[in-house]
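**Student:** Starting off with a structure, shown below.
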Amino acid sequence: VSTHPYPTDYPFNPTTGKGKDFSRYVNSTKDDMEWLNKVIENSAYPNAEIHLTEWNTSPNSRDAMHDFLPPAAYIAKVNLDCIGLANSLAFWTFTDIFEEKGGGESIFHGGFGMINYQGLVKPSYHAYRMLHQLGDEKLFKNDYVFVSRKSGDGKVVALAYNYPEDQYNAVPSSIKKIDKFEKGSTRRLTMQLTDLKPCTQFKLETLDKDHGNIYDYWEKMGKPEPPTREQIKVMKQYAENLKTEILTADEKGMLKIDRVLSPWSLVLIEQVN
């Protein structure tokens, strides 16, 4: 079974003849997938695989939100909440080089991709990069942190993310470039890892409005259009290098993390030794 479960609704209400809200609530993809699993389970093909071959925050290749920070937290949340509900959930698309609507009028035009034409990675790229670092064994999960272990070497990797609770009623969208969805509540991350080897070290990478948020950085540069080769080099360095820290467990093998997650931020916590 293949389908495209975009978290959006019909933009036109046939009953009233008026326009309606295009975006749905944050858990709509999970609810859709659970519904689909029940339908297949009760069908003549209960063992059919589910491949969701097209998915993003919206099906619009000119939705400015695709270039902004919030989709990263949405991508992390949905992928981790929907583990086991499908055989594949394919992000649409890898780059902004996309033919259906022609080339973009700007280097950032709301294209579907995780990477723009100049090779600049967006926050959505970092979301998938961080998800890829997680291990194959789940140790713990709640609504904003996933802790895993790699069976090959036993190293612990966690991903914390803040999709603000006061924004759960909608998936990030900004088709008219009015709102970047930068507002939202903070979230406190309190984590304690025990039974580690003494002085075990962890690398923390943070994606937030000031790190890896390439669209805002481009704005601060004056929106060069198109940027020169030297400007692209500088932009690539900013886009690819997040805030990085090293934390060390104590002599008893305990690591405590207590910090505030800003709205829409992600923190990858990765054991390095």
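How things are named: the first chain in the structure tokens is A, the next is B, and so on; residues count from 1 in each chain; ligands count from 1 in the order shown.
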Would you pick out the contacts of Ser148 in chain A at 8 Å or less, using only C-alpha atoms, so that residues sharing its chain but fewer than 5 positions from it are not included, and give the list as a list in words?

**Tutor:**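 So, after excluding close chain neighbours, the residues are Leu134, Gly135, Asp136, Glu137, Lys138, Leu139, Phe140, Val156, Val157 and Ala158 of chain A.
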
**Student:** Suppose we keep N, CA and C atoms; can you now write the selection as a compact mmCIF listing (two decimals), in the first residue's frame?

**Tutor:**
```txt
# COMPACT_ATOMS: atom_id res chain seq x y z
N LEU A 134 20.92 7.84 15.59
CA LEU A 134 20.35 7.06 16.69
C LEU A 134 20.65 5.58 16.53
N GLY A 135 20.71 4.89 17.66
CA GLY A 135 20.99 3.46 17.65
C GLY A 135 19.76 2.63 17.34
N ASP A 136 19.95 1.32 17.23
CA ASP A 136 18.87 0.42 16.85
C ASP A 136 18.13 -0.16 18.06
N GLU A 137 18.57 0.18 19.28
CA GLU A 137 17.88 -0.27 20.49
C GLU A 137 17.27 0.93 21.23
N LYS A 138 15.97 0.89 21.47
CA LYS A 138 15.31 1.98 22.20
C LYS A 138 15.44 1.74 23.69
N LEU A 139 15.98 2.74 24.40
CA LEU A 139 16.10 2.66 25.85
C LEU A 139 14.99 3.44 26.56
N PHE A 140 14.59 4.56 25.96
CA PHE A 140 13.58 5.42 26.60
C PHE A 140 13.00 6.37 25.55
N VAL A 156 25.62 5.05 23.62
CA VAL A 156 24.30 5.66 23.83
C VAL A 156 24.19 6.93 22.99
N VAL A 157 23.06 7.07 22.31
CA VAL A 157 22.78 8.27 21.51
C VAL A 157 21.35 8.70 21.80
N ALA A 158 21.15 9.97 22.09
CA ALA A 158 19.81 10.49 22.38
C ALA A 158 19.53 11.70 21.52
```

**Student:** Could you produce a table of the residues of range 97-185 of chain A lying within 9 Å of range 43-58 of chain A, with the nearest pair of atoms per residue and their separation in Å rounded to one decimal, using only C-alpha atoms, ordered by chain and increasing residue number, as JSON lines?

**Tutor:**
```
{"residue": "A:Phe112", "atom": "CA", "partner": "A:Asn56", "partner_atom": "CA", "distance": 7.5}
{"residue": "A:Val171", "atom": "CA", "partner": "A:Thr57", "partner_atom": "CA", "distance": 6.6}
{"residue": "A:Pro172", "atom": "CA", "partner": "A:Thr57", "partner_atom": "CA", "distance": 6.7}
{"residue": "A:Ser173", "atom": "CA", "partner": "A:Thr57", "partner_atom": "CA", "distance": 7.1}
```

**Student:** Which residue, A:Thr248, A:Arg188, A:Gln237, A:Asp195, has the smallest gap to Leu261 in chain A when you use only C-alpha atoms?

**Tutor:** A:Arg188

**Student:** Could you state the separation of CA of Trp264 in chain A and CA of Asn79 in chain A in Å, given to one decimal place?

**Tutor:**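 Value for the CA of Trp264 in chain A-CA of Asn79 in chain A distance: 15.4 Å.
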
**Student:** For CA of Gly113 in chain A and CA of Leu204 in chain A, determine how far apart the two atoms are, in Å to one decimal place.

**Tutor:**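 Spanning CA of Gly113 in chain A to CA of Leu204 in chain A is a straight-line distance of 25.6 Å.
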